[in-house]
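Below is one structure; the comments refer to it alone.
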Amino acid sequence: YIGFHLNHKEQQMAFDDDQSGIQKQIVIKFSHVVAENTPKGLAAQKFADLVEQKSDHRVKVEVFPNGSLYTDKEELDALKSGKVQMIAPATSKLGGVSSKWQVLDLPFAFPTESAINEGLNGDIGKSLLASLEQQNIKGLGFWVNGLKQITNKDHAIIKPNDFKDEKFRIMSSVVLKKQFELLDGQSKPIDFNETYRNLESGNVTGEENTISNIYSKKYYRVQDYMTISNHGFLGYAILMNEDYWHSLPLKVRVLIQNSINETVQWNQDHYRTMNKEQLRLIKKESNIQIHELTPYEKQKWIEKLNPMYKQYEPIAGRKLISDIRHLQR
Ligand code: LMR
């Protein structure tokens with residue numbers, strides 16, 4: 001896994017060294033915006049449990065879900081300034097830290113789930129996490145939520161033309177804004193936990209998200225149509241304040257990275273089934289009309305959105321674009 005590695009001898013030293021022992025309980029605050037019963041919510045809780053167990057309760061991770069400590073607008077600054085020690089924002093929200101991150105928002109960036117793993121665990125993931133270092137942020141790894149779908153009101157969205165006259169809530173990302181522009185739709189960046197209200201009031205008519213977020217935040221109750229399009233990626237960078245990271249005893253850093261690595265594996269094993277199960281629940285609990293794009297229909301979306309790759313090349317650089325393109329072959 002990406003992140004922090006020690007060779008065998010260093011690990012041995014860390015655990016043998018009494019000086020690195022933990023004198024008093026260390027408390028790490030971990031803020032995130034989603035519900036608990038989601039790929040990120042559960043991974044964060046699992047991480048907290050593992051750390052507590054491995055450290056024999058000497059390191060405690062306090063998890064604050066649903067934006068109860070910081071909203072998605074606030075959490076990055078709170079991390080950089082050390083008000084909170086850990087967050088795991090959607091990669092889409094890191095474009096302001098380094099524009100490289102925007103590459104993961106390109107339409108159909110990851111055509112399959114195995115492409116997601118290859119991308120995040122390979123050169124793409126490494127270069128993205130490394131780009132955070134100048135900003136006092138330590139990247140520990142990635143969790144995945146899955147691929148995004150479209151929900152909206154009034155009419156089914158099947159062809160690229162169907163986006164016209166609809167206004168979509170987006171995460172704050174220039175690439176996502178551009179995506180809806182190309183589709184002749186409008187968009188508005190809105191905080192994740194404000195989205196339900198904005199959909200309900202009609203301030204926006206649609207949004208894009210994973211099944212897991214659509215289900216756990218109940219968007220399906222205030223939307224009439226859902227298109228299974230798998231057109232975009234939603235995943236998370238697991239981040240810690242870097243000064244804080246370096247202030248931790250080596251033993252604790254090892255324990256944290258090992259626990260993260262376990263949750264990364266757990267997340268990979270579970271995010272698909274969670275989204276599948278919650279799609280079943282959406283169908284059971286509502287009358288939302290669901291259309292799954294046929295390969296032909298999807299191809300029309302791909303063609304319409306394709307120019308974004310060329311437009312984005314000067315920002316991301318040739319290498320990153322060609323790495324992403326490589327995964328799509
Ligand atoms: C969103 O704002 O839609 C997502 O980033 C929320 C999340 O963290 O999954």
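Labeling convention for the structure tokens: chains A, B, ... as they appear, residues from 1 per chain, ligands from 1 in order of appearance.
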Residues near range 257-259 of chain A, anyone? I mean within 7 Å using only C-alpha atoms, not counting same-chain ones fewer than 5 positions away, as a ChimeraX atom specification. /A:4,47,50-51,140
Let's see if you can do this: from backbone DSSP, list all alpha helix (DSSP H) residues in range 108-279 of chain A, as number ranges by chain. A: 113-121, 123-130, 174-182, 195-201, 211-216, 242-247, 250-279
Write out as number ranges by chain which residues come within 10 Å of Glu242 in chain A when counting only C-alpha atoms, dropping same-chain ones fewer than 2 positions away. A: 79-80, 82, 85-86, 132-139, 239-240, 244-247
Need to verify the contact set: range 63-74 of chain A, 7 Å, only C-alpha atoms, exclusion of same-chain residues closer than 4 positions in sequence. Can you return it as a list in words? Lys29, Phe30, Ser31, His32, Val33, Val34, Ala35, Glu36, Gly41, Ala44, Gln45, Ala78, Asp191 and Phe192 of chain A
Take CA of Lys178 in chain A and CA of Gly232 in chain A and report the distance between them in Å, one decimal.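 A separation of 13.1 Å between them.
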With distances taken over only C-alpha atoms and all ligand atoms, the candidate from A:Pro39, A:Pro314, A:Gly185, A:Gly95 nearest ligand 1 is A:Pro39
Sorted by chain and rising residue number, list the residues of chain A at most 8 Å from ligand 1 (counting only C-alpha atoms and all ligand atoms), each with its closest atom pair and distance in Å to one decimal, as a Markdown table.
```
| residue | atom | partner | partner_atom_place_in_ligand_line | distance |
| --- | --- | --- | --- | --- |
| A:His32 | CA | ligand 1 | 8 (O) | 7.0 |
| A:Val33 | CA | ligand 1 | 8 (O) | 5.5 |
| A:Val34 | CA | ligand 1 | 8 (O) | 5.4 |
| A:Lys40 | CA | ligand 1 | 9 (O) | 7.3 |
| A:Asp72 | CA | ligand 1 | 2 (O) | 7.2 |
| A:Ala88 | CA | ligand 1 | 8 (O) | 7.6 |
| A:Pro89 | CA | ligand 1 | 8 (O) | 5.6 |
| A:Ala90 | CA | ligand 1 | 5 (O) | 4.5 |
| A:Thr91 | CA | ligand 1 | 5 (O) | 7.8 |
| A:Ser92 | CA | ligand 1 | 5 (O) | 7.1 |
| A:Lys93 | CA | ligand 1 | 5 (O) | 7.2 |
| A:Asn145 | CA | ligand 1 | 9 (O) | 6.9 |
| A:Ile170 | CA | ligand 1 | 3 (O) | 7.1 |
| A:Met171 | CA | ligand 1 | 2 (O) | 5.1 |
| A:Ile190 | CA | ligand 1 | 2 (O) | 7.9 |
| A:Asp191 | CA | ligand 1 | 2 (O) | 6.2 |
| A:Phe192 | CA | ligand 1 | 2 (O) | 4.1 |
| A:Asn193 | CA | ligand 1 | 2 (O) | 7.7 |
| A:Glu208 | CA | ligand 1 | 3 (O) | 7.5 |
| A:Asn209 | CA | ligand 1 | 3 (O) | 5.8 |
| A:Thr210 | CA | ligand 1 | 9 (O) | 7.9 |
| A:Asn213 | CA | ligand 1 | 9 (O) | 6.4 |
| A:Leu234 | CA | ligand 1 | 9 (O) | 6.8 |
| A:Gly235 | CA | ligand 1 | 9 (O) | 7.2 |
| A:Tyr236 | CA | ligand 1 | 8 (O) | 7.2 |
```
Can you spit out the residues from that selection as a PDB file, in the first residue's frame, using C-alpha atoms?
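Writing done, so here's again_38.pdb:
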```pdb
ATOM      1  CA  HIS A  32     -16.022  13.331   7.894  1.00  0.00           C
ATOM      2  CA  VAL A  33     -19.253  14.360   6.191  1.00  0.00           C
ATOM      3  CA  VAL A  34     -21.091  11.164   5.292  1.00  0.00           C
ATOM      4  CA  LYS A  40     -16.357   5.788   4.348  1.00  0.00           C
ATOM      5  CA  ASP A  72     -16.921  19.818   3.700  1.00  0.00           C
ATOM      6  CA  ALA A  88     -11.042  11.795   4.403  1.00  0.00           C
ATOM      7  CA  PRO A  89     -12.520  14.170   1.831  1.00  0.00           C
ATOM      8  CA  ALA A  90     -13.736  13.120  -1.589  1.00  0.00           C
ATOM      9  CA  THR A  91     -10.807  13.508  -3.984  1.00  0.00           C
ATOM     10  CA  SER A  92     -13.001  15.972  -5.934  1.00  0.00           C
ATOM     11  CA  LYS A  93     -12.632  18.425  -3.059  1.00  0.00           C
ATOM     12  CA  ASN A 145     -17.181   4.770  -2.379  1.00  0.00           C
ATOM     13  CA  ILE A 170     -22.090  19.440  -7.571  1.00  0.00           C
ATOM     14  CA  MET A 171     -19.162  19.160  -5.225  1.00  0.00           C
ATOM     15  CA  ILE A 190     -23.434  22.922  -2.539  1.00  0.00           C
ATOM     16  CA  ASP A 191     -22.182  21.363   0.693  1.00  0.00           C
ATOM     17  CA  PHE A 192     -22.945  17.672   0.965  1.00  0.00           C
ATOM     18  CA  ASN A 193     -25.144  18.015   4.025  1.00  0.00           C
ATOM     19  CA  GLU A 208     -24.766  13.100  -9.051  1.00  0.00           C
ATOM     20  CA  ASN A 209     -23.644  10.683  -6.383  1.00  0.00           C
ATOM     21  CA  THR A 210     -23.084   7.058  -5.475  1.00  0.00           C
ATOM     22  CA  ASN A 213     -24.880   8.534  -0.583  1.00  0.00           C
ATOM     23  CA  LEU A 234     -16.169   8.984  -5.889  1.00  0.00           C
ATOM     24  CA  GLY A 235     -13.414   8.049  -3.489  1.00  0.00           C
ATOM     25  CA  TYR A 236     -11.505   9.483  -0.586  1.00  0.00           C
TER      26      TYR A 236
END
```
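When only C-alpha atoms are used to measure the gap to Leu129 in chain A, the shortest distance among A:Met308, A:Lys100, A:Gln328, A:Phe233 belongs to A:Lys100.
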I'd like the neighbourhood of range 270-284 of chain A as a list of chain:residue names, where a residue qualifies if any of its atoms comes within 7 Å (using only C-alpha atoms), though same-chain residues fewer than 5 positions away should be ignored.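 Residues near the query, excluding close chain neighbours: A:Pro39, A:Val144, A:Asn145, A:Gly146, A:Ile211, A:Ser212, A:Tyr215.
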Leaving out range 25-28 of chain A and any residue of its chain fewer than 5 positions from it, which residues lie within 6 Å of it when counting only C-alpha atoms, given as a PDB file with C-alpha atoms, in the first residue's frame?
```pdb
ATOM      1  CA  ARG A  58      -3.611   4.155  24.512  1.00  0.00           C
ATOM      2  CA  VAL A  59      -4.494   5.736  21.180  1.00  0.00           C
ATOM      3  CA  LYS A  60      -8.105   6.773  20.689  1.00  0.00           C
ATOM      4  CA  VAL A  61      -9.631   7.909  17.412  1.00  0.00           C
ATOM      5  CA  GLN A  85      -6.046  15.678  12.996  1.00  0.00           C
TER       6      GLN A  85
END
```
Could you write out, as a list in words, all the residues of range 207-304 of chain A that DSSP marks as strand (DSSP E)?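 Output for range 207-304 of chain A, strand (DSSP E) only: Glu207, Glu208, Asn209, Tyr225, Met226, Thr227, Ile228, Ser229, Asn230, His231, Gly232, Phe233, Leu234, Gly235, Tyr236, Ala237, Ile238, Leu239, Met240, Asn241, Gln289, Ile290, His291 and Glu292 of chain A.
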If I take CA of Leu327 in chain A and CA of Lys126 in chain A, how far is one from the other in Å, to one decimal?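 Here the two named atoms are 15.5 Å from each other.
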Kindly give the distance, in Å, that separates CA of His57 in chain A and CA of Lys251 in chain A, rounded to a single decimal.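 CA of Lys251 in chain A lies 14.0 Å from CA of His57 in chain A.
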When you look at Ile150 in chain A with a cut-off of 10 Å (counting only C-alpha atoms), what residues show up, excluding the ones that are within fewer than 5 positions of it in the same chain? I need them as a list in words.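 Contacts, with the query itself left out: Ala156, Ile157, Ile158, Phe168, Gly206, Glu207, Glu208, Asn209, Thr210, Ile211, Ile214, Tyr225, Met226, Thr227, Ile228, Ser229, Asn230, His231, Gly232, Ile290 and His291 of chain A.
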